[in-house]
file input_16.txt (compact mmCIF, C-alpha atoms)
# COMPACT_ATOMS: atom_id res chain seq x y z
CA MET N 26 4.03 91.01 -126.77
CA ARG N 27 5.54 94.25 -125.54
CA SER N 28 4.16 96.16 -128.51
CA VAL N 29 0.54 95.83 -127.32
CA GLU N 30 -0.69 99.35 -126.55
CA PRO N 31 -4.19 99.58 -125.08
CA ILE N 32 -3.92 103.36 -124.63
CA ARG N 33 -1.86 106.19 -126.10
CA TRP N 34 -1.78 109.96 -125.66
CA THR N 35 -1.57 111.99 -128.89
CA ASP N 36 -2.13 115.60 -129.91
CA ASP N 37 -5.30 114.43 -131.66
CA GLY N 38 -6.77 112.80 -128.54
CA VAL N 39 -6.53 109.67 -126.42
CA ILE N 40 -6.36 106.51 -128.54
CA LEU N 41 -7.79 103.28 -127.13
CA LEU N 42 -7.54 99.76 -128.51
CA ASP N 43 -11.15 98.53 -128.41
CA GLN N 44 -10.81 95.37 -126.32
CA ARG N 45 -14.45 94.42 -126.97
CA ARG N 46 -13.54 93.65 -130.59
CA LEU N 47 -10.57 91.37 -129.89
CA PRO N 48 -9.47 88.92 -131.12
CA ALA N 49 -11.54 89.16 -134.30
CA GLU N 50 -10.65 92.79 -135.04
CA VAL N 51 -7.91 95.19 -133.96
CA VAL N 52 -9.69 98.55 -133.84
CA HIS N 53 -8.36 101.81 -132.39
CA ILE N 54 -10.67 104.67 -131.40
CA THR N 55 -9.57 108.29 -130.86
CA TYR N 56 -11.36 110.11 -128.04
CA THR N 57 -11.49 113.91 -128.03
CA ASP N 58 -14.23 114.36 -125.39
CA TYR N 59 -13.62 113.17 -121.83
CA ARG N 60 -17.26 112.09 -121.45
CA ASP N 61 -16.87 109.65 -124.30
CA LEU N 62 -13.66 108.36 -122.72
CA ALA N 63 -15.46 107.87 -119.39
CA ALA N 64 -18.16 105.92 -121.21
CA ALA N 65 -15.44 103.80 -122.82
CA ILE N 66 -14.14 102.85 -119.37
CA LYS N 67 -17.63 101.94 -118.20
CA ASP N 68 -18.34 99.94 -121.37
CA MET N 69 -14.98 98.10 -121.09
CA VAL N 70 -13.40 99.40 -124.27
CA ILE N 71 -10.46 99.57 -121.89
CA ARG N 72 -10.39 97.51 -118.68
CA GLY N 73 -8.04 96.25 -116.00
CA ALA N 74 -7.42 98.34 -112.87
CA PRO N 75 -3.99 99.81 -113.75
CA ALA N 76 -5.08 100.63 -117.32
CA ILE N 77 -8.25 102.26 -115.99
CA GLY N 78 -6.04 104.45 -113.81
CA VAL N 79 -4.02 105.49 -116.86
CA ALA N 80 -7.20 106.11 -118.86
CA ALA N 81 -8.70 108.28 -116.12
CA SER N 82 -5.44 110.24 -115.86
CA MET N 83 -5.40 110.88 -119.59
CA GLY N 84 -9.12 111.64 -119.57
CA ILE N 85 -8.75 114.33 -116.92
CA ALA N 86 -5.78 115.83 -118.76
CA LEU N 87 -7.70 115.70 -122.05
CA ALA N 88 -10.68 117.48 -120.55
CA ILE N 89 -8.66 120.25 -118.93
CA SER N 90 -6.46 120.75 -121.99
CA ARG N 91 -9.56 121.35 -124.13
CA SER N 92 -11.49 123.35 -121.55
CA ARG N 93 -12.97 126.67 -122.61
CA ALA N 94 -12.92 128.03 -119.08
CA ALA N 95 -11.78 131.66 -119.03
CA THR N 96 -10.88 131.92 -115.35
CA LEU N 97 -9.33 129.74 -112.66
CA ASP N 98 -12.62 129.58 -110.78
CA GLU N 99 -14.41 128.33 -113.88
CA LEU N 100 -11.69 125.72 -114.46
CA ARG N 101 -11.84 124.57 -110.83
CA ALA N 102 -15.61 124.00 -111.08
CA GLU N 103 -15.16 122.15 -114.36
CA PHE N 104 -12.38 120.00 -112.88
CA LYS N 105 -14.74 118.72 -110.16
CA THR N 106 -17.35 117.75 -112.75
CA ILE N 107 -14.72 115.92 -114.78
CA CYS N 108 -13.49 113.93 -111.77
CA ASP N 109 -17.04 113.07 -110.69
CA THR N 110 -17.75 111.75 -114.19
CA PHE N 111 -14.79 109.35 -114.08
CA ALA N 112 -15.53 108.31 -110.48
CA ARG N 113 -18.90 106.93 -111.58
CA THR N 114 -17.48 104.54 -114.19
CA ARG N 115 -16.06 101.43 -112.39
CA PRO N 116 -16.48 101.26 -108.59
CA THR N 117 -14.23 98.30 -107.72
CA ALA N 118 -10.99 99.30 -109.47
CA VAL N 119 -9.15 101.37 -106.86
CA ASP N 120 -6.57 102.62 -109.40
CA LEU N 121 -9.35 104.79 -110.81
CA PHE N 122 -9.76 106.62 -107.51
CA TRP N 123 -5.99 106.69 -106.98
CA ALA N 124 -5.68 108.56 -110.27
CA ILE N 125 -8.47 111.00 -109.42
CA GLU N 126 -6.94 111.75 -106.03
CA ARG N 127 -3.49 112.21 -107.58
CA PHE N 128 -4.80 114.66 -110.17
CA THR N 129 -6.84 116.52 -107.56
CA ARG N 130 -3.70 117.09 -105.48
CA LYS N 131 -1.79 118.15 -108.60
CA PHE N 132 -4.52 120.54 -109.72
CA ASP N 133 -4.82 122.12 -106.27
CA SER N 134 -1.06 122.61 -106.09
CA LEU N 135 -0.94 124.21 -109.53
CA ALA N 136 -3.98 126.39 -108.84
CA GLN N 137 -2.34 127.90 -105.75
CA ASN N 138 0.36 129.49 -107.88
CA ALA N 139 -1.60 130.14 -111.06
CA ALA N 140 -2.58 133.51 -112.43
CA ALA N 141 -6.35 133.93 -112.52
CA ASN N 142 -6.50 134.26 -116.30
CA ASN N 143 -3.47 132.21 -117.43
CA LEU N 144 -4.53 128.58 -117.45
CA ASP N 145 -2.02 127.22 -119.96
CA PRO N 146 0.57 126.16 -117.33
CA ILE N 147 -2.07 124.06 -115.57
CA LYS N 148 -3.12 122.42 -118.81
CA GLU N 149 0.45 121.63 -119.82
CA ALA N 150 1.33 120.27 -116.36
CA LEU N 151 -1.66 117.90 -116.28
CA ILE N 152 -0.80 116.54 -119.72
CA GLU N 153 2.73 115.82 -118.49
CA GLU N 154 1.32 114.23 -115.32
CA ALA N 155 -0.85 111.86 -117.35
CA GLN N 156 2.12 110.80 -119.45
CA LYS N 157 4.13 110.36 -116.25
CA VAL N 158 1.46 108.03 -114.85
CA HIS N 159 1.71 105.96 -118.02
CA ARG N 160 5.50 105.73 -117.77
CA GLU N 161 5.26 104.77 -114.10
CA ARG N 162 2.82 101.96 -114.89
CA GLN N 163 5.18 100.58 -117.51
CA ALA N 164 8.14 100.67 -115.11
CA ALA N 165 6.06 99.10 -112.32
CA ASP N 166 5.07 96.19 -114.57
CA GLU N 167 8.71 95.49 -115.39
CA ALA N 168 9.61 95.43 -111.69
CA ILE N 169 6.63 93.22 -110.80
CA GLY N 170 7.65 90.85 -113.57
CA LYS N 171 11.18 90.51 -112.21
CA PHE N 172 10.07 89.92 -108.61
CA GLY N 173 7.35 87.48 -109.66
CA ALA N 174 9.33 85.45 -112.17
CA ALA N 175 11.57 84.23 -109.36
CA LEU N 176 8.54 82.62 -107.70
CA LEU N 177 7.42 80.60 -110.72
CA PRO N 178 8.58 77.05 -111.45
CA ALA N 179 11.49 76.59 -113.85
CA SER N 180 9.25 74.43 -116.00
CA GLY N 181 5.69 73.15 -116.10
CA ARG N 182 2.22 74.63 -116.04
CA VAL N 183 1.10 77.96 -114.61
CA MET N 184 -2.53 79.07 -114.36
CA THR N 185 -3.91 82.60 -114.48
CA GLN N 186 -7.38 84.21 -114.46
CA CYS N 187 -9.08 86.86 -116.58
CA ASN N 188 -6.60 89.20 -118.30
CA ALA N 189 -3.84 90.85 -116.29
CA GLY N 190 -1.63 91.48 -119.27
CA ALA N 191 -0.56 94.50 -121.33
CA LEU N 192 -4.19 95.14 -122.22
CA ALA N 193 -5.04 95.55 -118.54
CA THR N 194 -2.13 97.69 -117.41
CA ALA N 195 -0.67 99.68 -120.33
CA GLY N 196 2.70 98.04 -119.60
CA ILE N 197 3.70 94.37 -119.99
CA GLY N 198 1.04 93.28 -117.52
CA THR N 199 1.03 92.25 -113.87
CA ALA N 200 0.24 88.51 -113.85
CA LEU N 201 1.18 88.16 -117.52
CA GLY N 202 4.16 90.42 -116.93
CA VAL N 203 5.40 87.87 -114.39
CA ILE N 204 4.91 85.10 -116.96
CA ARG N 205 6.53 87.14 -119.75
CA VAL N 206 9.66 87.87 -117.71
CA ALA N 207 9.82 84.24 -116.55
CA VAL N 208 9.77 83.04 -120.17
CA GLU N 209 12.34 85.64 -121.22
CA THR N 210 14.66 84.46 -118.45
CA GLY N 211 14.49 80.81 -119.48
CA HIS N 212 11.48 79.29 -117.71
CA LYS N 213 9.75 76.62 -119.79
CA ILE N 214 6.13 77.47 -119.04
CA ASP N 215 2.79 76.41 -120.49
CA VAL N 216 -0.08 78.63 -119.36
CA LEU N 217 -3.56 77.34 -118.53
CA VAL N 218 -6.05 80.08 -119.42
CA PRO N 219 -9.64 79.80 -118.12
CA GLU N 220 -12.11 81.53 -120.44
CA THR N 221 -13.43 83.84 -117.67
CA ARG N 222 -17.15 83.96 -118.26
CA PRO N 223 -19.21 85.93 -118.87
CA TYR N 224 -17.05 88.55 -120.62
CA LEU N 225 -14.44 86.02 -121.79
CA GLN N 226 -11.38 88.12 -121.01
CA GLY N 227 -9.34 84.93 -120.73
CA ALA N 228 -10.48 83.45 -124.03
CA ARG N 229 -10.50 86.69 -126.00
CA LEU N 230 -7.67 88.70 -124.45
CA THR N 231 -5.20 86.58 -122.47
CA ALA N 232 -5.15 83.83 -125.08
CA TRP N 233 -4.63 86.48 -127.77
CA GLU N 234 -1.75 88.16 -125.91
CA LEU N 235 0.06 84.91 -125.15
CA HIS N 236 -0.48 83.65 -128.69
CA GLN N 237 0.97 86.89 -130.08
CA ASP N 238 4.02 86.35 -127.85
CA LYS N 239 4.28 82.68 -128.90
CA ILE N 240 4.05 81.63 -125.23
CA PRO N 241 2.55 78.11 -125.04
CA LEU N 242 -0.98 78.10 -123.66
CA THR N 243 -4.01 75.87 -123.26
CA LEU N 244 -7.44 77.48 -123.17
CA ILE N 245 -9.90 75.81 -120.78
CA THR N 246 -13.44 76.52 -119.66
CA ASP N 247 -13.99 77.93 -116.19
CA ASN N 248 -15.47 74.71 -114.84
CA MET N 249 -12.28 72.81 -115.75
CA VAL N 250 -10.14 74.68 -113.20
CA GLY N 251 -10.54 72.09 -110.44
CA HIS N 252 -9.89 69.20 -112.79
CA PHE N 253 -6.60 70.64 -114.02
CA LEU N 254 -5.42 71.65 -110.56
CA LYS N 255 -6.00 68.05 -109.52
CA THR N 256 -4.52 66.33 -112.58
CA GLY N 257 -2.67 68.85 -114.73
CA GLY N 258 0.63 69.36 -112.92
CA VAL N 259 0.07 73.05 -112.22
CA GLY N 260 3.07 74.50 -110.38
CA ALA N 261 1.68 77.95 -109.56
CA ILE N 262 -1.20 80.35 -110.11
CA VAL N 263 -0.63 84.06 -110.68
CA VAL N 264 -3.48 86.56 -111.03
CA GLY N 265 -3.95 90.32 -111.01
CA ALA N 266 -6.06 92.46 -108.67
CA ASP N 267 -8.49 95.35 -108.78
CA ARG N 268 -8.30 96.26 -105.10
CA ILE N 269 -6.31 94.89 -102.15
CA ALA N 270 -7.43 95.64 -98.59
CA ALA N 271 -5.05 96.34 -95.71
CA ASN N 272 -5.22 92.72 -94.53
CA GLY N 273 -4.40 91.35 -98.00
CA ASP N 274 -7.93 90.36 -99.02
CA THR N 275 -7.99 90.79 -102.78
CA ALA N 276 -10.75 91.64 -105.23
CA ASN N 277 -10.18 90.25 -108.70
CA LYS N 278 -12.30 89.06 -111.60
CA ILE N 279 -15.14 86.74 -110.66
CA GLY N 280 -13.91 83.16 -110.45
CA THR N 281 -10.66 84.02 -108.68
CA TYR N 282 -11.92 83.08 -105.21
CA PRO N 283 -12.95 79.49 -106.06
CA MET N 284 -9.65 79.11 -107.95
CA ALA N 285 -7.78 80.08 -104.76
CA VAL N 286 -9.83 77.62 -102.68
CA LEU N 287 -9.04 74.83 -105.14
CA ALA N 288 -5.39 75.85 -105.18
CA ARG N 289 -5.20 75.46 -101.40
CA GLU N 290 -6.84 72.01 -101.62
CA HIS N 291 -4.25 70.87 -104.18
CA LYS N 292 -1.26 72.63 -102.57
CA VAL N 293 -0.63 74.93 -105.53
CA PRO N 294 0.84 78.33 -104.53
CA PHE N 295 -1.52 81.20 -105.35
CA PHE N 296 0.14 84.55 -106.13
CA VAL N 297 -1.35 88.01 -106.67
CA ALA N 298 0.55 90.52 -108.82
CA ALA N 299 -0.44 94.18 -108.56
CA PRO N 300 1.09 97.67 -108.35
CA ILE N 301 1.17 99.65 -105.12
CA SER N 302 -1.62 101.85 -106.51
CA THR N 303 -3.99 98.86 -106.24
CA LEU N 304 -3.55 98.74 -102.45
CA ASP N 305 -6.38 100.30 -100.49
CA LEU N 306 -5.03 100.48 -96.96
CA SER N 307 -7.97 102.67 -95.92
CA ILE N 308 -10.17 99.57 -95.65
CA ALA N 309 -9.47 96.83 -93.13
CA SER N 310 -10.71 93.83 -95.12
CA GLY N 311 -12.30 92.64 -98.33
CA GLU N 312 -15.76 92.93 -96.79
CA GLN N 313 -15.55 96.67 -97.43
CA ILE N 314 -14.67 96.39 -101.13
CA PRO N 315 -17.58 97.49 -103.37
CA ILE N 316 -18.45 94.83 -105.95
CA GLU N 317 -19.55 96.11 -109.33
CA GLN N 318 -22.71 94.60 -110.76
CA ARG N 319 -22.55 94.38 -114.54
CA PRO N 320 -25.49 94.30 -117.01
CA SER N 321 -27.43 91.04 -117.28
CA ALA N 322 -26.98 90.97 -121.06
CA GLU N 323 -23.33 90.03 -120.55
CA VAL N 324 -24.59 86.70 -119.17
CA THR N 325 -27.62 86.14 -121.37
CA HIS N 326 -26.08 87.19 -124.70
CA VAL N 327 -22.90 86.51 -126.67
CA HIS N 328 -22.13 89.11 -129.33
CA GLY N 329 -25.76 90.19 -129.23
CA VAL N 330 -27.18 86.68 -129.62
CA ARG N 331 -29.39 85.51 -126.75
CA ILE N 332 -28.23 82.21 -125.23
CA ALA N 333 -30.51 82.15 -122.16
CA PRO N 334 -34.21 82.79 -121.51
CA GLU N 335 -35.48 86.00 -119.93
CA VAL N 336 -34.81 85.14 -116.30
CA THR N 337 -33.31 86.86 -113.25
CA VAL N 338 -29.56 87.24 -113.71
CA ALA N 339 -26.73 87.88 -111.25
CA ASN N 340 -23.57 89.35 -112.73
CA PRO N 341 -21.05 90.48 -110.09
CA ALA N 342 -17.86 91.42 -111.92
CA PHE N 343 -15.53 90.54 -109.04
CA ASP N 344 -15.15 88.29 -106.02
CA VAL N 345 -12.86 88.64 -103.01
CA THR N 346 -10.14 86.13 -102.16
CA PRO N 347 -9.31 86.02 -98.42
CA SER N 348 -5.68 86.73 -97.66
CA HIS N 349 -5.07 83.38 -95.97
CA LEU N 350 -5.38 81.73 -99.40
CA ILE N 351 -2.69 83.97 -100.95
CA ALA N 352 0.93 82.77 -100.83
CA ALA N 353 2.38 86.19 -101.71
CA ILE N 354 1.44 89.57 -103.18
CA ILE N 355 3.95 90.76 -105.77
CA THR N 356 4.40 94.54 -106.18
CA GLU N 357 6.94 96.75 -107.92
CA ARG N 358 8.56 97.40 -104.52
CA GLY N 359 8.95 93.77 -103.56
CA VAL N 360 7.04 90.68 -102.44
CA ALA N 361 4.66 90.84 -99.48
CA ARG N 362 3.84 87.78 -97.41
CA ALA N 363 1.62 87.17 -94.39
CA PRO N 364 0.96 88.90 -92.10
CA TYR N 365 -0.14 91.28 -94.86
CA ALA N 366 -1.28 94.03 -92.52
CA GLU N 367 2.40 94.53 -91.73
CA SER N 368 4.12 93.70 -95.03
CA LEU N 369 1.76 95.73 -97.26
CA LYS N 370 1.98 98.74 -94.98
CA ARG N 371 5.76 98.52 -95.12
CA LEU N 372 5.82 98.37 -98.93
CA ALA N 373 3.30 101.20 -99.29
CA LYS N 374 5.45 103.73 -97.41
call {"tool": "encode", "arguments": {"input": "input_16.txt", "output": "structure tokens"}}
result
Amino acid sequence: MRSVEPIRWTDDGVILLDQRRLPAEVVHITYTDYRDLAAAIKDMVIRGAPAIGVAASMGIALAISRSRAATLDELRAEFKTICDTFARTRPTAVDLFWAIERFTRKFDSLAQNAAANNLDPIKEALIEEAQKVHRERQAADEAIGKFGAALLPASGRVMTQCNAGALATAGIGTALGVIRVAVETGHKIDVLVPETRPYLQGARLTAWELHQDKIPLTLITDNMVGHFLKTGGVGAIVVGADRIAANGDTANKIGTYPMAVLAREHKVPFFVAAPISTLDLSIASGEQIPIEQRPSAEVTHVHGVRIAPEVTVANPAFDVTPSHLIAAIITERGVARAPYAESLKRLAK
């Protein structure tokens, strides 16, 4: 469904599709204060690493465009506060920090040539930069889809994890973008969609997206993954990523690692689809990727209704899949294969 828009820049503010309300309600919220937009990222109104990068870009532009700073020095101090606010929202998604770094470089470049009391050119340039980031994400998804579709079977079942679709990227999706392009080019695919506890991004979001697109799917519970990899004729798995280390170790939604282990056992190729911005070549391996710990209520409650007693809860949002379990990493610049330390570095140039 290429019309799904999780985020949009307007003169009135940044509009987000509230993903917490799907599939029961389609609700859009307009944000005019960057602090509220940062809270929306943290609270998963918008989620998915590439989409978080777009949201942070628009949030920084929104804040600067509405700043009341009178001088360049005042604006520079405010800019740092804005960036620090977004940096504290979601620690694992590297696209967030990619966006902050990109806007910091842009701001510094603009500030060097700005008049002390004329801030309008900076504001206008950052708005254009945010819209450029959005356009780039959309183009990257299309390219990832084309590269990845060639790796999927011509017919049969494909499995994914969590939601790496339009809702997660602001384009056509990474993993779901691969599936979308494959279907558009004639592949006869049925998608197995694990529910992805505890936040149910698979059940609520991926199933909704695929259903909207009329792409055949079967929703399964997380503990059915092994059963269907053993008996269900799965020809490939394609997932997204929130951060990829230099050696190819990949952080993705919790449940991805055991899926990759089971895929290896059953000789099912396991693919990761992600934009170049998700690469973090500054870290050697997945051991250095910070893992976000989410609130316990996401495990103990469903829509505010308690389903578990008051006990100690663990709720890591992500796990790390070692690179030796990954058949290929699909980016907008091409497909990387092992050894990833070499192939990812080559694509990132």
call {"tool": "closest_residue", "arguments": {"input": "input_16.txt", "among": "N:Ala94, N:Ile355, N:Ala363, N:Val51", "to": "N:Pro300", "atoms": "only C-alpha atoms"}}
result
N:Ile355
call {"tool": "axis_aligned_box", "arguments": {"input": "input_16.txt", "around": "stretch 100-116 of chain N", "padding_each_side": "6 Å", "output": "JSON"}}
result
{"center_x": -15.3, "center_y": 113.5, "center_z": -111.7, "size_x": 19.2, "size_y": 36.5, "size_z": 18.2}
call {"tool": "atom_distance", "arguments": {"input": "input_16.txt", "atom1": "atom CA of N:Ala191", "atom2": "atom CA of N:His252"}}
result
28.3 Å
call {"tool": "residues_around", "arguments": {"input": "input_16.txt", "residues": "N:Ile308", "least_positions_apart": "6", "cutoff": "12 Å", "atoms": "all atoms listed in the file", "output": "PyMOL selection string"}}
result
chain N and resi 119+268-275+314-315+366
call {"tool": "residues_around", "arguments": {"input": "input_16.txt", "residues": "N:Ala195", "least_positions_apart": "6", "cutoff": "7 Å", "atoms": "all atoms listed in the file", "output": "JSON, numbers by chain"}}
result
{"N": [30, 31, 32, 76, 162, 163]}
call {"tool": "atom_distance", "arguments": {"input": "input_16.txt", "atom1": "atom CA of N:Leu201", "atom2": "atom CA of N:Arg319"}}
result
24.7 Å
call {"tool": "residues_around", "arguments": {"input": "input_16.txt", "residues": "N:Ala339", "least_positions_apart": "3", "cutoff": "9 Å", "atoms": "all atoms listed in the file", "output": "VMD selection string"}}
result
chain N and resid 318 to 321 324
call {"tool": "closest_residue", "arguments": {"input": "input_16.txt", "among": "N:Gln313, N:Ser82, N:Thr281, N:Ser302", "to": "N:Thr346", "atoms": "all atoms listed in the file"}}
result
N:Thr281
call {"tool": "residues_around", "arguments": {"input": "input_16.txt", "residues": "N:Glu99", "least_positions_apart": "4", "cutoff": "12 Å", "atoms": "all atoms listed in the file", "output": "list in words"}}
result
Ile89, Ser92, Arg93, Ala94, Ala95, Glu103, Phe104, Lys105, Thr106, Ala136, Ala141, Asn142 and Leu144 of chain N
call {"tool": "write_last_selection", "arguments": {"input": "input_16.txt", "atoms": "C-alpha atoms", "output": "mmCIF file, keeping the file's coordinate frame"}}
result
data_model
loop_
_atom_site.group_PDB
_atom_site.id
_atom_site.type_symbol
_atom_site.label_atom_id
_atom_site.label_comp_id
_atom_site.auth_asym_id
_atom_site.auth_seq_id
_atom_site.Cartn_x
_atom_site.Cartn_y
_atom_site.Cartn_z
ATOM 1 C CA ILE N 89 -8.660 120.250 -118.930
ATOM 2 C CA SER N 92 -11.490 123.350 -121.550
ATOM 3 C CA ARG N 93 -12.970 126.670 -122.610
ATOM 4 C CA ALA N 94 -12.920 128.030 -119.080
ATOM 5 C CA ALA N 95 -11.780 131.660 -119.030
ATOM 6 C CA GLU N 103 -15.160 122.150 -114.360
ATOM 7 C CA PHE N 104 -12.380 120.000 -112.880
ATOM 8 C CA LYS N 105 -14.740 118.720 -110.160
ATOM 9 C CA THR N 106 -17.350 117.750 -112.750
ATOM 10 C CA ALA N 136 -3.980 126.390 -108.840
ATOM 11 C CA ALA N 141 -6.350 133.930 -112.520
ATOM 12 C CA ASN N 142 -6.500 134.260 -116.300
ATOM 13 C CA LEU N 144 -4.530 128.580 -117.450
#
call {"tool": "closest_residue", "arguments": {"input": "input_16.txt", "among": "N:Ala165, N:Ala193, N:Leu176, N:Ile152", "to": "N:Leu42", "atoms": "all atoms listed in the file"}}
result
N:Ala193
call {"tool": "residues_around", "arguments": {"input": "input_16.txt", "residues": "stretch 70-74 of chain N", "least_positions_apart": "6", "cutoff": "7 Å", "atoms": "all atoms listed in the file", "output": "list in words"}}
result
Leu41, Asp43, Gln44, Arg45, Ala118, Val119, Asp120, Ala189, Ala193, Thr194 and Asp267 of chain N
call {"tool": "closest_residue", "arguments": {"input": "input_16.txt", "among": "N:Val183, N:Glu335, N:Asp166, N:Asp98", "to": "N:Phe253", "atoms": "only C-alpha atoms"}}
result
N:Val183
call {"tool": "residues_near_point", "arguments": {"input": "input_16.txt", "point": "(-9.2, 90.8, -127.9)", "cutoff": "9 Å", "atoms": "all atoms listed in the file", "output": "VMD selection string"}}
result
chain N and resid 43 to 51 192 226 228 to 234
call {"tool": "atom_distance", "arguments": {"input": "input_16.txt", "atom1": "atom CA of N:His326", "atom2": "atom CA of N:Arg60"}}
result
26.6 Å
call {"tool": "decode", "arguments": {"input": "input_16.txt", "residues": "stretch 129-177 of chain N", "atoms": "C-alpha atoms", "output": "mmCIF file, in the first residue's frame"}}
result
data_model
loop_
_atom_site.group_PDB
_atom_site.id
_atom_site.type_symbol
_atom_site.label_atom_id
_atom_site.label_comp_id
_atom_site.auth_asym_id
_atom_site.auth_seq_id
_atom_site.Cartn_x
_atom_site.Cartn_y
_atom_site.Cartn_z
ATOM 1 C CA THR N 129 24.390 19.245 13.145
ATOM 2 C CA ARG N 130 26.733 19.372 10.140
ATOM 3 C CA LYS N 131 24.127 21.277 8.137
ATOM 4 C CA PHE N 132 23.483 23.770 10.917
ATOM 5 C CA ASP N 133 27.195 24.395 11.479
ATOM 6 C CA SER N 134 27.731 24.952 7.759
ATOM 7 C CA LEU N 135 24.833 27.397 7.551
ATOM 8 C CA ALA N 136 25.873 29.213 10.722
ATOM 9 C CA GLN N 137 29.338 29.931 9.325
ATOM 10 C CA ASN N 138 27.861 32.112 6.602
ATOM 11 C CA ALA N 139 24.842 33.493 8.428
ATOM 12 C CA ALA N 140 24.321 37.061 9.504
ATOM 13 C CA ALA N 141 24.104 37.362 13.284
ATOM 14 C CA ASN N 142 20.533 38.649 13.249
ATOM 15 C CA ASN N 143 19.115 37.075 10.066
ATOM 16 C CA LEU N 144 18.095 33.536 10.938
ATOM 17 C CA ASP N 145 15.482 32.973 8.232
ATOM 18 C CA PRO N 146 17.910 31.360 5.731
ATOM 19 C CA ILE N 147 18.900 28.774 8.356
ATOM 20 C CA LYS N 148 15.283 27.995 9.146
ATOM 21 C CA GLU N 149 14.338 27.623 5.492
ATOM 22 C CA ALA N 150 17.378 25.447 4.723
ATOM 23 C CA LEU N 151 16.663 23.035 7.596
ATOM 24 C CA ILE N 152 13.043 22.641 6.484
ATOM 25 C CA GLU N 153 14.271 21.755 2.996
ATOM 26 C CA GLU N 154 16.834 19.344 4.479
ATOM 27 C CA ALA N 155 14.125 17.512 6.422
ATOM 28 C CA GLN N 156 12.018 17.139 3.297
ATOM 29 C CA LYS N 157 15.117 15.953 1.430
ATOM 30 C CA VAL N 158 15.704 13.247 4.049
ATOM 31 C CA HIS N 159 12.126 12.084 3.533
ATOM 32 C CA ARG N 160 12.554 11.931 -0.249
ATOM 33 C CA GLU N 161 15.825 10.045 0.128
ATOM 34 C CA ARG N 162 14.195 7.451 2.379
ATOM 35 C CA GLN N 163 11.463 6.884 -0.177
ATOM 36 C CA ALA N 164 13.985 6.452 -3.004
ATOM 37 C CA ALA N 165 16.141 4.140 -0.868
ATOM 38 C CA ASP N 166 13.162 1.876 -0.147
ATOM 39 C CA GLU N 167 12.419 1.542 -3.850
ATOM 40 C CA ALA N 168 16.032 0.563 -4.560
ATOM 41 C CA ILE N 169 16.136 -1.909 -1.654
ATOM 42 C CA GLY N 170 12.916 -3.440 -2.940
ATOM 43 C CA LYS N 171 14.366 -4.001 -6.407
ATOM 44 C CA PHE N 172 17.614 -5.539 -5.139
ATOM 45 C CA GLY N 173 15.801 -7.719 -2.608
ATOM 46 C CA ALA N 174 12.985 -8.953 -4.819
ATOM 47 C CA ALA N 175 15.523 -10.780 -6.970
ATOM 48 C CA LEU N 176 16.516 -12.877 -3.943
ATOM 49 C CA LEU N 177 13.013 -14.086 -3.082
#
